[in-house]
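Asks: Next comes the structure file structure_13.tsv, holding TSV, C-alpha atoms.
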chain	number	residue	atom	x	y	z
A	1	MET	CA	72.10	14.32	97.59
A	2	GLU	CA	68.69	15.96	97.54
A	3	PHE	CA	68.32	19.54	98.66
A	4	ASP	CA	66.66	20.08	102.04
A	5	PRO	CA	64.93	23.51	102.07
A	6	ALA	CA	64.87	23.50	105.89
A	7	ALA	CA	68.64	22.95	106.22
A	8	LEU	CA	70.74	25.74	107.64
A	9	PRO	CA	72.83	27.63	106.89
A	10	ILE	CA	71.23	28.39	103.53
A	11	PRO	CA	73.63	27.19	100.82
A	12	ASP	CA	74.89	29.35	97.97
A	13	LEU	CA	72.08	29.06	95.43
A	14	GLY	CA	72.51	32.56	94.02
A	15	LEU	CA	69.29	33.69	95.74
A	16	ASN	CA	68.43	37.07	97.22
A	17	CYS	CA	65.67	38.18	99.58
A	18	ILE	CA	62.50	38.93	97.65
A	19	GLY	CA	61.83	41.92	99.93
A	20	CYS	CA	65.15	43.76	99.88
A	21	GLY	CA	67.61	41.88	97.66
A	22	TYR	CA	69.91	40.79	100.50
A	23	SER	CA	71.97	37.68	99.63
A	24	LEU	CA	70.61	34.52	101.26
A	25	LYS	CA	73.96	32.70	101.03
A	26	GLY	CA	75.05	31.36	104.40
A	27	LEU	CA	72.16	32.75	106.45
A	28	PRO	CA	71.79	30.89	109.77
A	29	SER	CA	67.99	31.27	109.80
A	30	HIS	CA	65.06	31.58	107.43
A	31	ARG	CA	64.63	35.29	108.20
A	32	CYS	CA	66.32	38.10	106.31
A	33	PRO	CA	68.60	40.05	108.68
A	34	GLU	CA	68.20	43.18	106.53
A	35	CYS	CA	64.40	43.55	106.28
A	36	GLY	CA	63.09	40.85	108.65
A	37	ARG	CA	61.10	39.05	105.95
A	38	GLU	CA	60.61	35.31	106.47
A	39	ILE	CA	62.37	33.33	103.75
A	40	ASP	CA	60.39	30.68	101.89
A	41	LEU	CA	62.71	29.13	99.31
A	42	GLU	CA	59.70	27.78	97.37
A	43	GLN	CA	58.94	31.40	96.36
A	44	HIS	CA	62.25	31.46	94.47
A	45	ILE	CA	61.21	28.67	92.10
A	46	PRO	CA	59.49	29.86	88.91
A	47	ARG	CA	55.95	28.59	88.33
A	48	GLY	CA	55.12	25.28	86.70
A	49	ASP	CA	55.91	21.59	87.04
A	50	PHE	CA	59.10	22.03	84.97
A	51	PRO	CA	60.32	25.57	85.68
A	52	ALA	CA	63.18	27.12	83.73
A	53	VAL	CA	66.34	27.14	85.86
A	54	ILE	CA	67.51	30.62	86.79
A	55	LEU	CA	71.11	30.83	87.95
A	56	ASP	CA	72.65	34.14	89.02
A	57	GLY	CA	69.72	36.05	87.55
A	58	ARG	CA	69.74	34.40	84.09
A	59	GLU	CA	67.94	31.43	82.58
A	60	VAL	CA	70.34	28.53	82.01
A	61	PRO	CA	70.69	27.59	78.33
A	62	LEU	CA	70.05	24.00	77.38
A	63	SER	CA	73.32	22.59	76.05
A	64	ALA	CA	75.15	19.29	75.76
A	65	ARG	CA	76.95	20.12	79.01
A	66	THR	CA	73.80	20.95	81.00
A	67	ASN	CA	72.13	17.84	79.54
A	68	GLU	CA	75.01	15.68	80.76
A	69	ILE	CA	75.06	17.25	84.23
A	70	MET	CA	71.31	16.69	84.69
A	71	ARG	CA	71.44	13.15	83.27
A	72	ARG	CA	74.27	12.14	85.58
A	73	ALA	CA	72.57	13.77	88.59
A	74	GLY	CA	69.37	11.86	87.82
A	75	ILE	CA	67.31	15.05	87.41
A	76	LEU	CA	64.54	14.95	84.82
A	77	PHE	CA	64.85	17.89	82.45
A	78	MET	CA	63.53	19.31	79.19
A	79	ALA	CA	63.68	22.45	77.08
A	80	ALA	CA	61.61	25.29	78.47
A	81	GLN	CA	59.18	26.55	75.88
A	82	ASN	CA	58.49	30.26	75.76
A	83	PRO	CA	54.91	31.49	75.29
A	84	ALA	CA	55.46	32.49	71.63
A	85	GLU	CA	56.58	28.95	70.79
A	86	SER	CA	53.45	27.59	72.46
A	87	ILE	CA	51.17	29.99	70.55
A	88	PHE	CA	52.76	29.36	67.16
A	89	GLY	CA	53.06	25.62	67.64
A	90	MET	CA	56.84	25.22	67.61
A	91	SER	CA	58.01	22.05	69.27
A	92	ARG	CA	60.74	22.02	71.88
A	93	THR	CA	63.11	20.48	69.34
A	94	GLN	CA	62.52	23.44	67.04
A	95	SER	CA	63.37	25.94	69.76
A	96	ILE	CA	66.29	28.17	68.83
A	97	ASN	CA	66.94	29.48	72.32
A	98	GLY	CA	66.28	26.41	74.48
A	99	LYS	CA	66.44	26.95	78.21
A	100	LEU	CA	66.95	24.27	80.83
A	101	ALA	CA	63.77	23.29	82.68
A	102	VAL	CA	63.82	20.70	85.47
A	103	GLU	CA	61.29	18.89	87.60
A	104	ARG	CA	60.07	21.27	90.29
A	105	ASN	CA	61.00	19.11	93.28
A	106	ARG	CA	64.65	18.93	92.07
A	107	TYR	CA	65.02	22.62	91.13
A	108	PHE	CA	67.57	23.45	93.83
A	109	ASP	CA	69.43	20.16	93.24
A	110	ALA	CA	69.91	21.30	89.63
A	111	ILE	CA	71.25	24.67	90.77
A	112	ARG	CA	73.64	23.00	93.23
A	113	TRP	CA	75.02	20.68	90.52
A	114	LEU	CA	75.41	23.54	88.04
A	115	LYS	CA	77.21	25.68	90.62
A	116	HIS	CA	79.37	22.71	91.66
A	117	PHE	CA	80.38	22.15	88.03
A	118	ALA	CA	81.09	25.86	87.49
A	119	ALA	CA	83.30	26.00	90.60
A	120	THR	CA	85.18	22.70	90.21
A	121	GLY	CA	84.72	21.48	86.63
A	122	GLU	CA	83.57	18.16	88.10
A	123	MET	CA	80.60	16.36	86.59
A	124	PRO	CA	78.30	14.28	88.77
A	125	PRO	CA	79.43	10.66	88.87
A	126	GLU	CA	78.24	8.47	86.02
A	127	PRO	CA	75.19	6.44	87.13
A	128	ASP	CA	76.19	2.89	88.04
A	129	THR	CA	74.77	0.64	85.36
A	130	SER	CA	77.04	-2.31	86.00
A	131	GLY	CA	76.12	-2.89	89.62
A	132	SER	CA	73.28	-4.62	91.26
A	133	ASP	CA	69.62	-3.71	91.44
A	134	TRP	CA	68.65	-0.64	93.46
A	135	LYS	CA	65.77	-0.28	95.88
A	136	CYS	CA	63.42	2.66	95.38
A	137	THR	CA	63.46	4.99	98.38
A	138	ALA	CA	59.79	5.91	97.85
A	139	CYS	CA	58.06	2.55	97.34
A	140	GLY	CA	60.73	-0.08	98.12
A	141	GLU	CA	60.59	-1.82	94.73
A	142	GLU	CA	63.73	-3.38	93.27
A	143	ASN	CA	64.86	-1.86	89.95
A	144	PRO	CA	67.57	-2.94	87.49
A	145	PRO	CA	70.78	-0.88	87.55
A	146	THR	CA	70.04	0.46	84.06
A	147	PHE	CA	66.83	2.15	85.26
A	148	GLU	CA	67.14	5.79	86.36
A	149	VAL	CA	63.46	5.97	87.34
A	150	CYS	CA	61.53	3.44	89.44
A	151	TRP	CA	59.33	1.30	87.20
A	152	ASN	CA	56.63	1.19	89.88
A	153	CYS	CA	56.23	4.78	91.09
A	154	ASP	CA	58.32	6.96	88.72
A	155	THR	CA	60.66	8.17	91.49
A	156	VAL	CA	64.05	9.25	90.16
A	157	HIS	CA	67.01	7.25	91.47
A	158	ASN	CA	69.20	9.90	93.12
A	159	VAL	CA	72.95	10.16	92.82
A	160	ASP	CA	74.83	11.75	95.72
A	161	PHE	CA	77.70	14.19	95.41
If you convert what's in this file into structure tokens, what do you get?

Replies:
Amino acid sequence: MEFDPAALPIPDLGLNCIGCGYSLKGLPSHRCPECGREIDLEQHIPRGDFPAVILDGREVPLSARTNEIMRRAGILFMAAQNPAESIFGMSRTQSINGKLAVERNRYFDAIRWLKHFAATGEMPPEPDTSGSDWKCTACGEENPPTFEVCWNCDTVHNVDF
């Protein structure tokens, strides 16, 4: 299930108002009741096409568990590279302190899956690779069940929870 930034109430994403720090969890509108600031969830996503995921104020470490959660949820991910690694030419595989970075348009989906796992211990369902072909929601092309990304337009095949 993809995150809808316009949906209300605002789900628990661990976010606070940029203006005053008020928790956004459960708000019935996109306006902070404490300071009156309009809430634009896009402002809570770090910069870049693959921003590092920040959950409860900390960057999420890249681990076997986070890899598996993102893989099952169909969210493209990689290791975030800090500026020093970029300057000194270290590759992402050489990174000692790898942080989870996800595709920008699925940032809040990643947070929701990580919070869901933390609360319930439940992983996203394993992608169905034994079933029939799936139709891409973006371009309508048929794809084999083993494909997680549409061969025609690179849209990720989403898995609902």

Asks: Which neighbours of Ala79 in chain A fall inside 7 Å, counting all atoms listed in the file, when residues of the same chain fewer than 3 positions from it are skipped, and could you give them as a PyMOL selection string?

Replies: chain A and resi 62+92+98-101

Asks: Between CA of His116 in chain A and CA of Ile69 in chain A, what is the distance in Å, rounded to a tenth?

Replies: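 Straight-line distance from CA of His116 in chain A to CA of Ile69 in chain A works out to 10.2 Å.
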
Asks: Could you tell me how far CA of Leu114 in chain A sits from CA of Cys150 in chain A, in Å to one decimal place?

Replies: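 One can read the CA of Cys150 in chain A to CA of Leu114 in chain A distance as 24.5 Å.
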
Asks: Which of these residues is nearest to Gly14 in chain A, using all atoms listed in the file: A:Met78, A:Ile111, A:Val102, A:Met70?

Replies: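 Using all atoms listed in the file, Gly14 in chain A sits closest to A:Ile111.
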
Asks: Please, what distance in Å, to one decimal, runs between CA of Ala119 in chain A and CA of Glu34 in chain A?

Replies: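 Between CA of Ala119 in chain A and CA of Glu34 in chain A the gap is 27.9 Å.
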
Asks: Check the smallest atom-to-atom distance from each of A:Glu142, A:Asp12, A:Glu126, A:Glu2 to Asp109 in chain A using all atoms listed in the file, then report the winner.

Replies: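 Smallest distance to Asp109 in chain A is found for A:Glu2.
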
Asks: May I ask which of the residues A:His157, A:Ile39, A:Gly48, A:Thr66 is the closest one to Asp133 in chain A, counting all atoms listed in the file?

Replies: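 The answer is A:His157, which sits nearest to Asp133 in chain A.
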
Asks: Given only C-alpha atoms as the basis, pick out the residue of A:Pro144, A:Gly57, A:Pro124, A:Pro51 nearest to Glu103 in chain A.

Replies: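 Of A:Pro144, A:Gly57, A:Pro124, A:Pro51, the one nearest Glu103 in chain A is A:Pro51, counting only C-alpha atoms.
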
Asks: Which one is closest to Val149 in chain A: A:Pro5, A:Gly21, A:Pro33, A:Gly74? Count all atoms listed in the file.

Replies: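 Checking each candidate against Val149 in chain A, we get A:Gly74 as the closest.
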
Asks: Quick one: of A:Ser132, A:Gln43, A:Asn67, A:Ser23, who's nearest to Trp113 in chain A, counting all atoms listed in the file?

Replies: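 That would be A:Asn67, the residue with the smallest distance to Trp113 in chain A.
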